[in-house]
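Have a look at coords_20.csv; it's CSV, C-alpha atoms:
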chain,number,residue,atom,x,y,z
A,1,MET,CA,8.3,-46.6,80.0
A,2,THR,CA,11.6,-45.0,81.0
A,3,ALA,CA,12.6,-45.0,84.6
A,4,VAL,CA,13.2,-41.8,86.5
A,5,PRO,CA,16.9,-41.2,87.0
A,6,ARG,CA,18.4,-41.4,90.5
A,7,GLY,CA,18.9,-38.1,92.3
A,8,PRO,CA,17.6,-35.9,95.1
A,9,ALA,CA,14.1,-37.0,96.4
A,10,ALA,CA,12.5,-33.6,95.7
A,11,ALA,CA,13.7,-33.6,92.1
A,12,ARG,CA,12.5,-37.2,91.6
A,13,ILE,CA,9.0,-36.3,93.0
A,14,ILE,CA,8.7,-33.3,90.7
A,15,ALA,CA,9.7,-35.3,87.7
A,16,ALA,CA,7.2,-38.0,88.6
A,17,VAL,CA,4.3,-35.7,89.0
A,18,LEU,CA,5.0,-33.4,86.0
A,19,PRO,CA,5.3,-35.7,82.9
A,20,PRO,CA,4.4,-33.9,79.7
A,21,ALA,CA,1.0,-35.6,79.3
A,22,VAL,CA,-0.1,-34.3,82.7
A,23,VAL,CA,1.2,-30.8,82.1
A,24,TRP,CA,-0.5,-30.5,78.7
A,25,ALA,CA,-3.7,-32.1,80.0
A,26,VAL,CA,-3.9,-29.4,82.7
A,27,VAL,CA,-3.3,-26.6,80.2
A,28,LEU,CA,-6.0,-28.1,77.8
A,29,VAL,CA,-8.6,-28.2,80.6
A,30,LEU,CA,-7.8,-24.7,81.8
A,31,SER,CA,-7.9,-23.1,78.4
A,32,PRO,CA,-11.7,-23.1,77.7
A,33,VAL,CA,-12.5,-22.7,81.4
A,34,LEU,CA,-10.4,-19.5,81.7
A,35,GLU,CA,-11.7,-18.2,78.4
A,36,TYR,CA,-15.5,-18.9,78.8
A,37,GLY,CA,-16.0,-20.1,82.4
A,38,LEU,CA,-17.3,-23.4,83.8
A,39,GLY,CA,-20.1,-25.4,82.3
A,40,ARG,CA,-19.8,-27.3,79.0
A,41,MET,CA,-16.4,-25.8,78.4
A,42,VAL,CA,-15.0,-28.1,81.0
A,43,TRP,CA,-16.0,-31.0,78.7
A,44,TRP,CA,-14.2,-29.4,75.7
A,45,GLY,CA,-11.0,-29.2,77.7
A,46,THR,CA,-11.4,-32.7,79.3
A,47,GLY,CA,-12.2,-34.2,75.9
A,48,ALA,CA,-9.1,-32.6,74.3
A,49,ALA,CA,-6.9,-33.8,77.2
A,50,PHE,CA,-8.3,-37.3,76.8
A,51,LEU,CA,-7.6,-37.4,73.1
A,52,LEU,CA,-4.3,-35.6,73.0
A,53,CYS,CA,-2.7,-36.9,76.3
A,54,PHE,CA,-4.3,-40.1,77.6
A,55,VAL,CA,-4.8,-41.9,74.2
A,56,PRO,CA,-1.2,-41.4,73.0
A,57,TRP,CA,0.1,-42.4,76.5
A,58,ALA,CA,-2.1,-45.6,76.4
A,59,ILE,CA,-0.9,-46.4,72.9
A,60,VAL,CA,2.8,-45.9,73.8
A,61,THR,CA,2.4,-48.0,76.9
A,62,TRP,CA,0.8,-50.8,74.9
A,63,LEU,CA,3.5,-50.7,72.2
A,64,ASP,CA,6.2,-50.6,74.9
A,65,LYS,CA,4.8,-53.7,76.6
A,66,ARG,CA,4.7,-55.5,73.2
A,67,GLY,CA,8.4,-54.5,72.6
A,68,ASP,CA,7.6,-52.5,69.5
A,69,LEU,CA,9.2,-49.3,70.8
A,70,ARG,CA,12.6,-51.0,70.9
A,71,ARG,CA,12.9,-50.6,67.2
A,72,GLY,CA,12.2,-46.9,67.6
A,73,ILE,CA,9.9,-44.4,66.0
A,74,GLU,CA,12.5,-43.6,63.4
A,75,ARG,CA,11.4,-46.5,61.3
A,76,LEU,CA,8.3,-44.6,60.4
A,77,GLY,CA,10.2,-41.8,58.8
A,78,PHE,CA,9.9,-38.1,59.1
A,79,GLY,CA,7.3,-37.6,56.3
A,80,PRO,CA,4.5,-39.8,57.7
A,81,LEU,CA,4.9,-38.3,61.2
A,82,MET,CA,4.6,-34.7,59.8
A,83,VAL,CA,1.6,-35.7,57.6
A,84,CYS,CA,-0.2,-37.3,60.5
A,85,THR,CA,0.5,-34.2,62.7
A,86,GLY,CA,-0.9,-32.0,60.0
A,87,VAL,CA,-4.0,-34.1,59.6
A,88,LEU,CA,-4.7,-34.1,63.3
A,89,MET,CA,-4.3,-30.3,63.4
A,90,TYR,CA,-6.7,-29.8,60.5
A,91,GLY,CA,-9.2,-32.3,61.9
A,92,THR,CA,-9.1,-30.7,65.3
A,93,LEU,CA,-9.7,-27.2,64.0
A,94,ARG,CA,-12.6,-28.4,61.8
A,95,ALA,CA,-14.2,-30.2,64.7
A,96,ILE,CA,-13.9,-27.1,67.0
A,97,GLN,CA,-15.3,-24.8,64.3
A,98,ARG,CA,-18.2,-27.1,63.3
A,99,LEU,CA,-19.3,-27.7,66.8
A,100,ASN,CA,-18.8,-24.0,67.9
A,101,GLY,CA,-16.1,-25.0,70.3
A,102,PRO,CA,-13.7,-22.7,72.1
A,103,LEU,CA,-11.1,-21.3,69.6
A,104,GLY,CA,-8.7,-20.6,72.4
A,105,LEU,CA,-8.5,-24.4,72.9
A,106,ALA,CA,-7.6,-24.7,69.2
A,107,ALA,CA,-4.8,-22.3,69.8
A,108,VAL,CA,-3.4,-24.4,72.6
A,109,ILE,CA,-3.7,-27.6,70.5
A,110,PHE,CA,-1.8,-26.0,67.6
A,111,ALA,CA,0.9,-24.7,70.0
A,112,ILE,CA,1.4,-28.3,71.3
A,113,TYR,CA,1.6,-29.6,67.7
A,114,GLY,CA,4.0,-26.8,66.8
A,115,GLY,CA,6.3,-27.8,69.7
A,116,PHE,CA,6.1,-31.4,68.6
A,117,ALA,CA,6.9,-30.5,65.0
A,118,LEU,CA,10.0,-28.5,66.2
A,119,MET,CA,11.1,-31.6,68.1
A,120,LEU,CA,10.7,-33.8,65.0
A,121,LEU,CA,12.5,-31.3,62.8
A,122,PHE,CA,15.5,-31.1,65.1
A,123,ARG,CA,15.3,-34.6,66.5
A,124,ARG,CA,18.9,-35.3,65.7
A,125,ALA,CA,20.0,-32.3,67.8
A,126,GLY,CA,18.3,-34.0,70.7
A,127,PRO,CA,15.7,-31.6,72.0
A,128,ASP,CA,14.1,-32.8,75.3
A,129,TRP,CA,10.3,-33.0,75.0
A,130,THR,CA,9.8,-32.8,78.7
A,131,CYS,CA,11.6,-29.5,79.0
A,132,MET,CA,10.1,-28.2,75.8
A,133,THR,CA,6.7,-28.9,77.4
A,134,TYR,CA,7.7,-27.1,80.6
A,135,GLY,CA,8.8,-24.0,78.6
A,136,GLY,CA,5.8,-24.0,76.2
A,137,ALA,CA,3.2,-24.6,78.9
A,138,ALA,CA,4.7,-21.9,81.1
A,139,ALA,CA,4.5,-19.3,78.3
A,140,ILE,CA,0.9,-20.3,77.4
A,141,LEU,CA,-0.2,-20.2,81.1
A,142,VAL,CA,1.2,-16.7,81.5
A,143,LEU,CA,-0.4,-15.5,78.2
A,144,MET,CA,-3.7,-17.3,79.1
A,145,ALA,CA,-4.0,-16.3,82.8
A,146,GLY,CA,-1.8,-13.3,83.3
A,147,MET,CA,-0.3,-12.9,86.7
A,148,THR,CA,-2.1,-16.0,88.0
A,149,GLY,CA,-0.4,-18.0,85.2
A,150,LEU,CA,2.9,-17.2,86.8
A,151,ILE,CA,2.2,-19.7,89.6
A,152,GLY,CA,2.1,-22.5,87.0
A,153,ALA,CA,5.1,-21.0,85.3
A,154,VAL,CA,7.1,-21.2,88.5
A,155,LEU,CA,6.0,-24.8,89.1
A,156,LEU,CA,7.1,-25.7,85.5
A,157,ALA,CA,10.5,-23.9,86.1
A,158,ALA,CA,10.9,-26.3,89.1
A,159,GLY,CA,10.4,-29.1,86.6
A,160,VAL,CA,13.3,-27.9,84.5
A,161,TRP,CA,15.3,-27.5,87.7
A,162,ALA,CA,14.4,-31.1,88.7
A,163,GLN,CA,15.5,-32.5,85.3
A,164,THR,CA,18.8,-30.6,85.6
A,165,LEU,CA,19.5,-32.1,89.1
A,166,LEU,CA,18.6,-35.6,87.9
A,167,GLN,CA,20.8,-35.3,84.8
A,168,PRO,CA,23.4,-32.5,85.3
A,169,ALA,CA,25.3,-33.3,82.2
A,170,GLN,CA,22.2,-32.4,80.2
A,171,ALA,CA,21.6,-29.0,81.8
A,172,GLY,CA,22.4,-27.0,78.7
A,173,ARG,CA,20.1,-29.1,76.6
A,174,PHE,CA,17.3,-28.8,79.1
A,175,ALA,CA,17.6,-25.0,79.2
A,176,VAL,CA,17.7,-24.7,75.4
A,177,SER,CA,14.7,-27.1,75.1
A,178,ALA,CA,12.7,-25.1,77.6
A,179,LEU,CA,13.5,-21.8,75.9
A,180,ALA,CA,12.6,-23.3,72.5
A,181,GLY,CA,9.3,-24.6,73.9
A,182,ALA,CA,8.5,-21.1,75.3
A,183,VAL,CA,9.3,-19.4,72.0
A,184,VAL,CA,7.6,-21.8,69.7
A,185,CYS,CA,4.6,-23.0,71.7
A,186,GLY,CA,4.0,-19.6,73.3
A,187,GLY,CA,4.5,-17.8,70.0
A,188,ILE,CA,2.0,-19.9,68.2
A,189,TYR,CA,-0.5,-19.6,71.0
A,190,ALA,CA,-0.1,-15.8,71.1
A,191,LEU,CA,-0.5,-15.4,67.3
A,192,LEU,CA,-3.5,-17.6,67.1
A,193,GLU,CA,-5.2,-16.0,70.1
A,194,GLN,CA,-4.8,-12.6,68.4
A,195,ALA,CA,-6.2,-14.0,65.2
A,196,VAL,CA,-9.4,-15.4,66.8
A,197,ARG,CA,-10.2,-12.3,68.9
Using the file provided, produce a representation of the structure as structure tokens.
Amino acid sequence: MTAVPRGPAAARIIAAVLPPAVVWAVVLVLSPVLEYGLGRMVWWGTGAAFLLCFVPWAIVTWLDKRGDLRRGIERLGFGPLMVCTGVLMYGTLRAIQRLNGPLGLAAVIFAIYGGFALMLLFRRAGPDWTCMTYGGAAAILVLMAGMTGLIGAVLLAAGVWAQTLLQPAQAGRFAVSALAGAVVCGGIYALLEQAVR
């Protein structure tokens, strides 16, 4: 995996503890718990976090060790990536509906996929997935938990700050990526939450 750039110790620590997989895993676990309370809903969130965060991380780590990532994801092409994303979205929604799972969790999952689709669409412009995650997760936390969600949003804003300190030449790109994540991921989540209520 990529090494964390050199910079102030606080920024390096924040970047190390807030990778996108961890951020989205926390949001996925919190979604059904905040919506329905503890109990079996914890398992829905934990299962979603495992499938959407841990499994891709494990696959990427395995491919990286084999050297397959050096050729880049571009060799797959844009079409197959979008088709796979669409199939995962549809399959996830069907599983949640069939098993009477929390629809709020489906809204979070679709928001994550929406942000990923935005990144794929504008990949040549160079959006930063980490800062898109921070912006999207911050917006979702505020929409999901109200004033309490602001605590998470402030922590995620610190993540954008850390990235900016570590790579000052990319500050504008990081800010735009965080804003795009907030608008796209937060917007998708808000629309879907209204639809299922």
Range 19-26 of chain A environment, 6 Å, all atoms listed in the file, sequence neighbours closer than 4 positions dropped, as a ChimeraX atom specification: /A:49,53,130,133
If I take CA of Leu155 in chain A and CA of Val17 in chain A, how far is one from the other in Å, to one decimal?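 Taking CA of Leu155 in chain A and CA of Val17 in chain A, their separation equals 11.0 Å.
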Nearest to Val27 in chain A among A:Val154, A:Ala106, A:Leu141, A:Ala190, with distances taken over all atoms listed in the file: which residue is it? A:Leu141
Atomic separation - CA of Tyr90 in chain A relative to CA of Ile59 in chain A, Å: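 Here the two named atoms are 21.5 Å from each other.
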Quick one: residues within 10 Å of Ala10 in chain A, only C-alpha atoms counted, chain neighbours fewer than 3 positions away excluded, as a ChimeraX atom specification? /A:7,13-16,158,162,165
